[in-house]
file structure_30.txt (compact mmCIF, C-alpha atoms and all ligand atoms)
# COMPACT_ATOMS: atom_id res chain seq x y z
CA MET A 1 0.00 0.00 0.00
CA ALA A 2 1.35 3.42 -0.98
CA LEU A 3 0.10 6.67 0.56
CA ILE A 4 0.67 9.70 -1.66
CA THR A 5 0.01 13.17 -0.26
CA GLY A 6 -1.38 15.58 -2.83
CA GLY A 7 -2.20 12.48 -4.89
CA GLY A 8 -5.19 14.04 -6.62
CA THR A 9 -3.31 16.37 -8.97
CA GLY A 10 -0.09 16.92 -10.89
CA ILE A 11 3.01 15.01 -9.88
CA GLY A 12 1.27 13.22 -7.00
CA ALA A 13 -1.46 11.90 -9.30
CA ALA A 14 1.14 10.67 -11.78
CA ILE A 15 3.11 8.92 -9.02
CA ALA A 16 -0.10 7.31 -7.75
CA GLY A 17 -0.95 6.13 -11.26
CA ARG A 18 2.49 4.70 -11.84
CA LEU A 19 2.71 2.91 -8.48
CA ALA A 20 -0.79 1.52 -9.05
CA ALA A 21 0.23 0.26 -12.51
CA GLU A 22 3.18 -1.48 -10.85
CA GLY A 23 0.79 -3.34 -8.56
CA ALA A 24 0.52 -1.18 -5.43
CA ALA A 25 -2.76 -0.29 -3.80
CA VAL A 26 -2.68 3.50 -3.47
CA ALA A 27 -4.22 5.97 -1.04
CA LEU A 28 -4.53 9.50 -2.37
CA VAL A 29 -4.63 12.22 0.26
CA GLY A 30 -5.78 15.74 -0.60
CA ARG A 31 -7.64 18.69 0.82
CA ARG A 32 -10.30 18.72 -1.87
CA GLY A 33 -12.42 15.59 -1.46
CA HIS A 34 -13.90 15.62 -4.95
CA VAL A 35 -10.45 15.89 -6.56
CA VAL A 36 -8.94 12.85 -4.82
CA GLN A 37 -12.23 11.00 -5.22
CA GLN A 38 -12.30 11.55 -8.99
CA ARG A 39 -8.68 10.48 -9.36
CA ALA A 40 -9.23 7.35 -7.28
CA GLU A 41 -12.31 6.50 -9.37
CA LEU A 42 -10.23 6.79 -12.57
CA LEU A 43 -7.66 4.38 -11.14
CA ARG A 44 -10.34 1.93 -10.00
CA ALA A 45 -11.94 2.09 -13.46
CA ALA A 46 -8.56 1.03 -14.85
CA GLY A 47 -8.64 -1.99 -12.56
CA TYR A 48 -6.38 -0.70 -9.80
CA GLU A 49 -6.90 -0.57 -6.04
CA ALA A 50 -7.27 3.07 -4.97
CA LEU A 51 -8.59 4.85 -1.89
CA ALA A 52 -9.35 8.58 -1.67
CA ILE A 53 -8.80 10.29 1.68
CA ARG A 54 -9.93 13.86 2.12
CA GLY A 55 -7.63 15.54 4.59
CA ASP A 56 -5.23 18.34 5.38
CA ILE A 57 -1.75 16.99 6.12
CA ALA A 58 -1.13 20.04 8.29
CA GLY A 59 -4.07 18.91 10.43
CA ASP A 60 -4.11 15.44 11.94
CA ALA A 61 -1.44 13.61 9.95
CA ALA A 62 -1.63 10.56 12.21
CA SER A 63 -5.31 10.05 11.40
CA LEU A 64 -4.47 9.86 7.66
CA VAL A 65 -2.05 7.01 8.30
CA ARG A 66 -4.57 5.39 10.64
CA GLN A 67 -7.24 5.38 7.91
CA VAL A 68 -4.88 3.55 5.56
CA ILE A 69 -3.95 0.99 8.20
CA GLN A 70 -7.63 0.44 9.10
CA GLN A 71 -8.48 -0.23 5.48
CA TYR A 72 -5.41 -2.17 4.28
CA GLY A 73 -3.56 -3.28 7.41
CA ARG A 74 -0.18 -2.18 6.09
CA LEU A 75 1.81 0.71 4.67
CA ASP A 76 4.72 0.04 2.31
CA ILE A 77 5.42 3.45 0.78
CA LEU A 78 4.87 7.02 1.97
CA VAL A 79 5.31 9.68 -0.71
CA ASN A 80 5.53 13.19 0.74
CA ASN A 81 4.52 15.13 -2.34
CA ALA A 82 2.00 17.76 -1.19
CA ALA A 83 3.44 21.24 -0.82
CA ILE A 84 2.48 24.86 -1.03
CA ALA A 85 4.38 27.96 -2.08
CA ALA A 86 4.10 31.53 -0.85
CA GLY A 87 5.44 33.25 -3.95
CA VAL A 88 7.11 36.06 -2.04
CA ASP A 89 10.61 37.15 -1.08
CA LEU A 90 11.93 38.13 2.35
CA GLU A 91 10.68 41.69 2.09
CA GLU A 92 7.07 40.62 1.55
CA MET A 93 7.12 37.60 3.85
CA THR A 94 4.96 37.70 6.97
CA PRO A 95 5.35 35.42 9.99
CA GLU A 96 1.89 33.96 9.24
CA LEU A 97 2.74 33.09 5.64
CA TRP A 98 6.12 31.67 6.67
CA ARG A 99 4.45 29.42 9.26
CA GLN A 100 1.78 28.32 6.79
CA VAL A 101 4.36 27.11 4.26
CA LEU A 102 6.56 25.40 6.83
CA ALA A 103 3.49 23.76 8.44
CA VAL A 104 2.57 21.98 5.20
CA ASN A 105 5.97 21.43 3.57
CA LEU A 106 7.91 20.40 6.68
CA ASP A 107 5.96 19.98 9.94
CA ALA A 108 3.34 17.78 8.29
CA VAL A 109 6.05 15.58 6.76
CA PHE A 110 7.61 15.12 10.19
CA ALA A 111 4.21 14.16 11.67
CA LEU A 112 3.41 11.76 8.83
CA VAL A 113 6.80 10.05 9.09
CA GLN A 114 6.40 9.63 12.83
CA ALA A 115 2.94 8.15 12.37
CA ALA A 116 4.11 5.85 9.56
CA ARG A 117 7.45 4.73 11.01
CA LEU A 118 6.43 1.52 12.76
CA HIS A 119 4.11 0.46 9.94
CA LEU A 120 6.89 0.98 7.38
CA ALA A 121 9.36 -0.90 9.57
CA ALA A 122 6.95 -3.86 9.75
CA VAL A 123 7.24 -4.33 5.96
CA ARG A 124 10.71 -2.83 5.36
CA GLY A 125 9.03 -0.04 3.42
CA CYS A 126 10.28 3.25 2.06
CA LEU A 127 9.89 7.01 2.13
CA LEU A 128 10.05 9.33 -0.84
CA HIS A 129 10.01 13.12 -0.58
CA ILE A 130 9.45 15.58 -3.43
CA SER A 131 11.79 18.57 -3.24
CA SER A 132 12.67 21.05 -6.00
CA ILE A 133 15.73 22.22 -7.92
CA GLY A 134 14.88 25.59 -6.33
CA VAL A 135 17.01 24.35 -3.41
CA SER A 136 20.19 24.72 -5.44
CA MET A 137 19.24 27.43 -7.95
CA GLY A 138 19.17 31.09 -7.19
CA GLU A 139 16.36 32.28 -9.43
CA PHE A 140 13.49 30.94 -7.29
CA ASP A 141 12.40 33.96 -5.26
CA ASP A 142 10.16 32.07 -2.84
CA ILE A 143 12.12 32.11 0.39
CA ALA A 144 9.84 29.98 2.58
CA TYR A 145 9.29 27.34 -0.12
CA VAL A 146 13.01 26.97 -0.88
CA THR A 147 13.88 26.87 2.82
CA SER A 148 11.25 24.19 3.46
CA LYS A 149 12.57 22.05 0.61
CA ALA A 150 16.18 22.36 1.80
CA ALA A 151 15.08 21.27 5.27
CA LEU A 152 13.07 18.41 3.75
CA GLU A 153 16.22 17.14 2.05
CA ALA A 154 18.22 17.33 5.29
CA PHE A 155 15.36 15.56 7.07
CA SER A 156 15.37 12.76 4.50
CA ARG A 157 19.14 12.27 4.82
CA ARG A 158 18.81 12.02 8.57
CA LEU A 159 15.89 9.57 8.24
CA ALA A 160 17.98 7.41 5.92
CA ILE A 161 20.57 7.01 8.66
CA GLU A 162 18.19 6.60 11.58
CA LEU A 163 15.77 4.25 9.84
CA ALA A 164 18.16 2.03 7.88
CA PRO A 165 18.50 -0.38 10.84
CA HIS A 166 14.71 -0.76 10.68
CA GLY A 167 14.81 -1.63 6.98
CA ILE A 168 13.31 1.69 5.85
CA ARG A 169 14.86 3.69 2.99
CA SER A 170 14.38 7.45 2.52
CA ASN A 171 15.08 9.31 -0.71
CA VAL A 172 14.32 12.60 -2.42
CA ILE A 173 13.42 13.58 -5.96
CA ARG A 174 14.26 17.11 -7.05
CA PRO A 175 12.07 17.98 -10.02
CA GLY A 176 12.80 20.83 -12.37
CA LEU A 177 9.96 22.56 -14.20
CA VAL A 178 7.10 20.08 -14.62
CA HIS A 179 3.94 20.95 -16.52
CA THR A 180 1.20 20.42 -13.94
CA GLU A 181 -2.13 22.15 -13.31
CA VAL A 182 -0.24 24.81 -11.33
CA PHE A 183 1.01 26.23 -14.63
CA ASP A 184 -2.29 26.03 -16.53
CA THR A 185 -2.84 29.75 -16.21
CA MET A 186 0.63 30.69 -17.45
CA PRO A 187 0.85 32.21 -20.93
CA PRO A 188 2.77 30.33 -23.66
CA GLU A 189 5.54 32.96 -23.36
CA PHE A 190 6.35 31.60 -19.91
CA PHE A 191 7.23 28.20 -21.35
CA ASP A 192 9.02 29.77 -24.33
CA ALA A 193 11.28 31.59 -21.88
CA GLN A 194 11.98 28.41 -19.88
CA LEU A 195 12.83 26.09 -22.76
CA PRO A 196 16.32 27.49 -23.49
CA LEU A 197 17.24 26.86 -19.85
CA ILE A 198 16.62 23.11 -20.18
CA PRO A 199 19.35 21.25 -22.09
CA ILE A 200 17.05 18.35 -23.01
CA GLY A 201 14.81 20.91 -24.72
CA ARG A 202 11.41 20.19 -23.30
CA ILE A 203 9.37 20.91 -20.18
CA GLY A 204 9.09 18.00 -17.74
CA GLN A 205 5.89 15.98 -17.55
CA PRO A 206 4.47 14.49 -14.32
CA GLU A 207 5.26 11.02 -15.71
CA ASP A 208 8.98 11.91 -15.79
CA ILE A 209 8.86 12.26 -12.02
CA ALA A 210 6.57 9.25 -11.58
CA GLN A 211 9.03 6.96 -13.38
CA ALA A 212 11.86 8.05 -11.11
CA ALA A 213 9.57 7.62 -8.09
CA ALA A 214 8.62 4.10 -9.11
CA PHE A 215 12.30 3.20 -9.41
CA LEU A 216 13.27 4.65 -6.03
CA CYS A 217 10.35 2.84 -4.37
CA SER A 218 11.11 -0.48 -6.07
CA ALA A 219 13.23 -3.43 -4.97
CA GLU A 220 15.68 -2.44 -7.71
CA ALA A 221 16.64 0.53 -5.51
CA SER A 222 17.15 -1.60 -2.39
CA PHE A 223 20.72 -0.28 -1.92
CA ILE A 224 19.73 3.38 -2.46
CA THR A 225 18.94 5.53 0.54
CA GLY A 226 19.75 9.05 1.70
CA THR A 227 20.09 10.26 -1.86
CA VAL A 228 18.64 13.04 -4.01
CA LEU A 229 17.70 12.26 -7.60
CA THR A 230 17.41 15.34 -9.78
CA VAL A 231 14.91 15.04 -12.65
CA ASP A 232 15.11 18.33 -14.53
CA GLY A 233 16.20 17.75 -18.12
CA GLY A 234 19.66 18.99 -17.14
CA GLU A 235 18.58 22.47 -16.03
CA SER A 236 20.55 22.48 -12.78
CA ALA A 237 23.63 21.00 -14.46
CA LYS A 238 24.20 24.27 -16.30
N1 LIG B 1 5.45 21.40 -10.99
C1 LIG B 1 6.71 21.77 -10.86
O1 LIG B 1 7.30 22.40 -11.75
C2 LIG B 1 7.48 21.39 -9.63
C3 LIG B 1 8.87 21.65 -9.60
C4 LIG B 1 9.60 21.31 -8.48
C5 LIG B 1 8.98 20.71 -7.42
N2 LIG B 1 7.63 20.47 -7.43
C6 LIG B 1 7.04 19.81 -6.27
O2 LIG B 1 6.24 18.73 -6.69
C7 LIG B 1 5.18 18.53 -5.76
C8 LIG B 1 3.85 18.47 -6.47
O3 LIG B 1 3.63 19.70 -7.15
P1 LIG B 1 2.64 19.85 -8.38
O4 LIG B 1 3.34 20.67 -9.39
O5 LIG B 1 2.08 18.52 -8.76
O6 LIG B 1 1.55 20.82 -7.76
P2 LIG B 1 0.07 20.59 -7.25
O7 LIG B 1 -0.35 21.87 -6.64
O8 LIG B 1 -0.76 20.00 -8.33
O9 LIG B 1 0.28 19.49 -6.13
C9 LIG B 1 0.26 19.73 -4.80
C10 LIG B 1 -0.87 18.91 -4.21
O10 LIG B 1 -0.76 18.95 -2.80
C11 LIG B 1 -2.04 19.20 -2.26
N3 LIG B 1 -1.88 19.86 -0.97
C12 LIG B 1 -1.34 21.07 -0.71
N4 LIG B 1 -1.43 21.36 0.60
C13 LIG B 1 -2.02 20.29 1.18
C14 LIG B 1 -2.39 19.98 2.51
N5 LIG B 1 -2.18 20.85 3.51
N6 LIG B 1 -2.97 18.79 2.77
C15 LIG B 1 -3.22 17.90 1.75
N7 LIG B 1 -2.89 18.15 0.47
C16 LIG B 1 -2.31 19.33 0.19
C17 LIG B 1 -2.72 20.11 -3.28
O11 LIG B 1 -4.11 20.10 -3.12
C18 LIG B 1 -2.25 19.46 -4.57
O12 LIG B 1 -3.11 18.37 -4.90
C19 LIG B 1 5.30 19.64 -4.73
O13 LIG B 1 6.03 19.18 -3.62
C20 LIG B 1 6.11 20.70 -5.46
O14 LIG B 1 6.82 21.51 -4.57
C21 LIG B 1 6.87 20.80 -8.52
call {"tool": "encode", "arguments": {"input": "structure_30.txt", "output": "structure tokens", "more": "lines below"}}
Ligand SMILES: NC(=O)c1ccc[n+]([C@@H]2O[C@H](COP(=O)([O-])OP(=O)(O)OC[C@H]3O[C@@H](n4cnc5c(N)ncnc54)[C@H](O)[C@@H]3O)[C@@H](O)[C@H]2O)c1
result
Amino acid sequence: MALITGGGTGIGAAIAGRLAAEGAAVALVGRRGHVVQQRAELLRAAGYEALAIRGDIAGDAASLVRQVIQQYGRLDILVNNAAIAAGVDLEEMTPELWRQVLAVNLDAVFALVQAARLHLAAVRGCLLHISSIGVSMGEFDDIAYVTSKAALEAFSRRLAIELAPHGIRSNVIRPGLVHTEVFDTMPPEFFDAQLPLIPIGRIGQPEDIAQAAAFLCSAEASFITGTVLTVDGGESAK
């Protein structure tokens, strides 16, 4: 069983679809009930096992894990994908906005991992966290978002060390620009301006991240933990 936060849209939905296609039952967690419900229905219509859970990860994270355990009795994979951005720099940042971003992107991940730890250990499961190349690239002017992702990566590294004796792996994917619903309102000029920055010459698709996620969560990655896999078409290599 794989629990994917933010599994109703974008990268999370693609990861859920890919893990389901590889044989995992998936639980999609999201704030908007109808969104996760619709996505889970699509997966079930394709013959997969999928559960929709309406919930805010910054609320009672432990209850989300509990719902999965009640339904399936086990948890093999936790994908910490849900995140929010503030879209402002230091000058415009308020303590409230800062706290809001950190509450979702970091505190909730901590709470979910604590709630999932023993269940993952029982099946020698794994953790996957979705960061961003914004951690290492200067042009992202979203100070709380970038800080939260840097802390998420440090958290994952630490988890890899602490949880390895319990058979749990912890890894990070750092996506570059990926065309998800978030960018639906952007004009074509936005993408035209981004393309020259990406050596591979195209914008990432959610499936690009999902394929990497499936690998890191598979038995083929059994010797990989504490690492960060960048999936950005070469953008951060420049
Ligand atoms: N799209 C990109 O270009 C890109 C690049 C780098 C990193 N990322 C990362 O990939 C991940 C997915 O992003 P996306 O582009 O698919 O965006 P998205 O907005 O479609 O996905 C985020 C999902 O998380 C959910 N979510 C947010 N706060 C929540 C909360 N408190 N409780 C439960 N669910 C919550 C949202 O409802 C949404 O479904 C994020 O971690 C993002 O930082 C995306």
call {"tool": "atom_distance", "arguments": {"input": "structure_30.txt", "atom1": "atom CA of A:Gly234", "atom2": "atom CA of A:Arg174"}}
result
11.6 Å
call {"tool": "closest_residue", "arguments": {"input": "structure_30.txt", "among": "A:Lys238, A:Arg44, A:Arg39, A:Arg169", "to": "A:Ala14", "atoms": "only C-alpha atoms"}}
result
A:Arg39
call {"tool": "closest_residue", "arguments": {"input": "structure_30.txt", "among": "A:Val109, A:Val26, A:Ala160, A:Ile198", "to": "A:Ile4", "atoms": "all atoms listed in the file"}}
result
A:Val26
call {"tool": "atom_distance", "arguments": {"input": "structure_30.txt", "atom1": "atom P1 of ligand LIG 1 (chain B)", "atom2": "atom CA of A:Leu163"}}
result
27.3 Å
call {"tool": "closest_residue", "arguments": {"input": "structure_30.txt", "among": "A:Leu229, A:Ala2, A:Val29, A:Ala151", "to": "ligand LIG 1 (chain B)", "atoms": "only C-alpha atoms and all ligand atoms"}}
result
A:Val29
call {"tool": "atom_distance", "arguments": {"input": "structure_30.txt", "atom1": "atom C4 of ligand LIG 1 (chain B)", "atom2": "atom CA of A:Leu197"}}
result
14.8 Å
call {"tool": "residues_near_ligand", "arguments": {"input": "structure_30.txt", "ligand": "ligand LIG 1 (chain B)", "cutoff": "8 Å", "atoms": "all atoms listed in the file", "output": "ChimeraX atom specification"}}
result
/A:5-13,29-32,35,54-59,80-85,104-105,108,129-134,145,149,174-183,204,206
call {"tool": "closest_residue", "arguments": {"input": "structure_30.txt", "among": "A:Ala21, A:Val123, A:Ala164, A:Ala86", "to": "A:Phe140", "atoms": "only C-alpha atoms"}}
result
A:Ala86
call {"tool": "closest_residue", "arguments": {"input": "structure_30.txt", "among": "A:Pro95, A:Gly201, A:Leu127, A:Ala27", "to": "A:Gln114", "atoms": "all atoms listed in the file"}}
result
A:Leu127
call {"tool": "closest_residue", "arguments": {"input": "structure_30.txt", "among": "A:Gly87, A:Gly47, A:Gly226, A:Gly17", "to": "A:Ile143", "atoms": "all atoms listed in the file"}}
result
A:Gly87
call {"tool": "residues_around", "arguments": {"input": "structure_30.txt", "residues": "stretch 207-214 of chain A", "least_positions_apart": "2", "cutoff": "6 Å", "atoms": "all atoms listed in the file", "output": "NGL selection string"}}
result
:A and (14-15 or 205 or 216-217)
call {"tool": "build_atoms", "arguments": {"input": "structure_30.txt", "residues": "stretch 197-232 of chain A", "atoms": "N, CA and C atoms", "output": "PDB file, in the coordinates of the input"}}
result
ATOM      1  N   LEU A 197      16.516  27.161 -21.088  1.00  0.00           N
ATOM      2  CA  LEU A 197      17.240  26.860 -19.850  1.00  0.00           C
ATOM      3  C   LEU A 197      17.388  25.353 -19.631  1.00  0.00           C
ATOM      4  N   ILE A 198      16.674  24.560 -20.422  1.00  0.00           N
ATOM      5  CA  ILE A 198      16.620  23.110 -20.180  1.00  0.00           C
ATOM      6  C   ILE A 198      17.349  22.387 -21.315  1.00  0.00           C
ATOM      7  N   PRO A 199      18.559  21.864 -21.024  1.00  0.00           N
ATOM      8  CA  PRO A 199      19.350  21.250 -22.090  1.00  0.00           C
ATOM      9  C   PRO A 199      18.604  20.195 -22.905  1.00  0.00           C
ATOM     10  N   ILE A 200      17.761  19.405 -22.272  1.00  0.00           N
ATOM     11  CA  ILE A 200      17.050  18.350 -23.010  1.00  0.00           C
ATOM     12  C   ILE A 200      15.996  18.945 -23.945  1.00  0.00           C
ATOM     13  N   GLY A 201      15.632  20.207 -23.737  1.00  0.00           N
ATOM     14  CA  GLY A 201      14.810  20.910 -24.720  1.00  0.00           C
ATOM     15  C   GLY A 201      13.323  20.689 -24.631  1.00  0.00           C
ATOM     16  N   ARG A 202      12.863  20.253 -23.499  1.00  0.00           N
ATOM     17  CA  ARG A 202      11.410  20.190 -23.300  1.00  0.00           C
ATOM     18  C   ARG A 202      11.103  20.395 -21.822  1.00  0.00           C
ATOM     19  N   ILE A 203       9.840  20.762 -21.559  1.00  0.00           N
ATOM     20  CA  ILE A 203       9.370  20.910 -20.180  1.00  0.00           C
ATOM     21  C   ILE A 203       9.088  19.508 -19.624  1.00  0.00           C
ATOM     22  N   GLY A 204       9.353  19.304 -18.347  1.00  0.00           N
ATOM     23  CA  GLY A 204       9.090  18.000 -17.740  1.00  0.00           C
ATOM     24  C   GLY A 204       7.596  17.704 -17.677  1.00  0.00           C
ATOM     25  N   GLN A 205       7.281  16.440 -17.707  1.00  0.00           N
ATOM     26  CA  GLN A 205       5.890  15.980 -17.550  1.00  0.00           C
ATOM     27  C   GLN A 205       5.793  15.219 -16.221  1.00  0.00           C
ATOM     28  N   PRO A 206       4.612  15.212 -15.595  1.00  0.00           N
ATOM     29  CA  PRO A 206       4.470  14.490 -14.320  1.00  0.00           C
ATOM     30  C   PRO A 206       4.979  13.045 -14.395  1.00  0.00           C
ATOM     31  N   GLU A 207       4.817  12.420 -15.560  1.00  0.00           N
ATOM     32  CA  GLU A 207       5.260  11.020 -15.710  1.00  0.00           C
ATOM     33  C   GLU A 207       6.779  10.890 -15.585  1.00  0.00           C
ATOM     34  N   ASP A 208       7.507  11.955 -15.947  1.00  0.00           N
ATOM     35  CA  ASP A 208       8.980  11.910 -15.790  1.00  0.00           C
ATOM     36  C   ASP A 208       9.337  11.709 -14.319  1.00  0.00           C
ATOM     37  N   ILE A 209       8.595  12.373 -13.460  1.00  0.00           N
ATOM     38  CA  ILE A 209       8.860  12.260 -12.020  1.00  0.00           C
ATOM     39  C   ILE A 209       8.333  10.918 -11.506  1.00  0.00           C
ATOM     40  N   ALA A 210       7.183  10.507 -12.035  1.00  0.00           N
ATOM     41  CA  ALA A 210       6.570   9.250 -11.580  1.00  0.00           C
ATOM     42  C   ALA A 210       7.466   8.051 -11.876  1.00  0.00           C
ATOM     43  N   GLN A 211       8.136   8.081 -13.038  1.00  0.00           N
ATOM     44  CA  GLN A 211       9.030   6.960 -13.380  1.00  0.00           C
ATOM     45  C   GLN A 211      10.186   6.873 -12.401  1.00  0.00           C
ATOM     46  N   ALA A 212      10.752   8.036 -12.076  1.00  0.00           N
ATOM     47  CA  ALA A 212      11.860   8.050 -11.110  1.00  0.00           C
ATOM     48  C   ALA A 212      11.365   7.589  -9.738  1.00  0.00           C
ATOM     49  N   ALA A 213      10.147   8.013  -9.387  1.00  0.00           N
ATOM     50  CA  ALA A 213       9.570   7.620  -8.090  1.00  0.00           C
ATOM     51  C   ALA A 213       9.377   6.116  -8.023  1.00  0.00           C
ATOM     52  N   ALA A 214       8.867   5.551  -9.095  1.00  0.00           N
ATOM     53  CA  ALA A 214       8.620   4.100  -9.110  1.00  0.00           C
ATOM     54  C   ALA A 214       9.937   3.351  -8.921  1.00  0.00           C
ATOM     55  N   PHE A 215      10.984   3.849  -9.571  1.00  0.00           N
ATOM     56  CA  PHE A 215      12.300   3.200  -9.410  1.00  0.00           C
ATOM     57  C   PHE A 215      12.776   3.280  -7.962  1.00  0.00           C
ATOM     58  N   LEU A 216      12.745   4.485  -7.395  1.00  0.00           N
ATOM     59  CA  LEU A 216      13.270   4.650  -6.030  1.00  0.00           C
ATOM     60  C   LEU A 216      12.462   3.855  -5.002  1.00  0.00           C
ATOM     61  N   CYS A 217      11.199   3.599  -5.307  1.00  0.00           N
ATOM     62  CA  CYS A 217      10.350   2.840  -4.370  1.00  0.00           C
ATOM     63  C   CYS A 217      10.383   1.340  -4.651  1.00  0.00           C
ATOM     64  N   SER A 218      11.129   0.933  -5.682  1.00  0.00           N
ATOM     65  CA  SER A 218      11.110  -0.480  -6.070  1.00  0.00           C
ATOM     66  C   SER A 218      12.252  -1.251  -5.405  1.00  0.00           C
ATOM     67  N   ALA A 219      12.178  -2.565  -5.508  1.00  0.00           N
ATOM     68  CA  ALA A 219      13.230  -3.430  -4.970  1.00  0.00           C
ATOM     69  C   ALA A 219      14.549  -3.196  -5.710  1.00  0.00           C
ATOM     70  N   GLU A 220      14.458  -2.698  -6.943  1.00  0.00           N
ATOM     71  CA  GLU A 220      15.680  -2.440  -7.710  1.00  0.00           C
ATOM     72  C   GLU A 220      16.524  -1.340  -7.075  1.00  0.00           C
ATOM     73  N   ALA A 221      15.910  -0.549  -6.193  1.00  0.00           N
ATOM     74  CA  ALA A 221      16.640   0.530  -5.510  1.00  0.00           C
ATOM     75  C   ALA A 221      16.950   0.153  -4.057  1.00  0.00           C
ATOM     76  N   SER A 222      17.038  -1.146  -3.788  1.00  0.00           N
ATOM     77  CA  SER A 222      17.150  -1.600  -2.390  1.00  0.00           C
ATOM     78  C   SER A 222      18.451  -1.146  -1.718  1.00  0.00           C
ATOM     79  N   PHE A 223      19.461  -0.739  -2.513  1.00  0.00           N
ATOM     80  CA  PHE A 223      20.720  -0.280  -1.920  1.00  0.00           C
ATOM     81  C   PHE A 223      20.824   1.254  -1.975  1.00  0.00           C
ATOM     82  N   ILE A 224      19.714   1.915  -2.312  1.00  0.00           N
ATOM     83  CA  ILE A 224      19.730   3.380  -2.460  1.00  0.00           C
ATOM     84  C   ILE A 224      18.940   4.014  -1.324  1.00  0.00           C
ATOM     85  N   THR A 225      19.632   4.763  -0.493  1.00  0.00           N
ATOM     86  CA  THR A 225      18.940   5.530   0.540  1.00  0.00           C
ATOM     87  C   THR A 225      19.751   6.779   0.874  1.00  0.00           C
ATOM     88  N   GLY A 226      19.062   7.800   1.334  1.00  0.00           N
ATOM     89  CA  GLY A 226      19.750   9.050   1.700  1.00  0.00           C
ATOM     90  C   GLY A 226      20.205   9.859   0.508  1.00  0.00           C
ATOM     91  N   THR A 227      19.612   9.580  -0.653  1.00  0.00           N
ATOM     92  CA  THR A 227      20.090  10.260  -1.860  1.00  0.00           C
ATOM     93  C   THR A 227      19.048  11.241  -2.403  1.00  0.00           C
ATOM     94  N   VAL A 228      19.520  12.096  -3.311  1.00  0.00           N
ATOM     95  CA  VAL A 228      18.640  13.040  -4.010  1.00  0.00           C
ATOM     96  C   VAL A 228      18.785  12.789  -5.499  1.00  0.00           C
ATOM     97  N   LEU A 229      17.681  12.491  -6.152  1.00  0.00           N
ATOM     98  CA  LEU A 229      17.700  12.260  -7.600  1.00  0.00           C
ATOM     99  C   LEU A 229      17.084  13.477  -8.282  1.00  0.00           C
ATOM    100  N   THR A 230      17.898  14.171  -9.061  1.00  0.00           N
ATOM    101  CA  THR A 230      17.410  15.340  -9.780  1.00  0.00           C
ATOM    102  C   THR A 230      16.810  14.909 -11.117  1.00  0.00           C
ATOM    103  N   VAL A 231      15.587  15.393 -11.397  1.00  0.00           N
ATOM    104  CA  VAL A 231      14.910  15.040 -12.650  1.00  0.00           C
ATOM    105  C   VAL A 231      14.461  16.357 -13.275  1.00  0.00           C
ATOM    106  N   ASP A 232      15.351  16.953 -14.079  1.00  0.00           N
ATOM    107  CA  ASP A 232      15.110  18.330 -14.530  1.00  0.00           C
ATOM    108  C   ASP A 232      15.555  18.598 -15.961  1.00  0.00           C
TER     109      ASP A 232
END
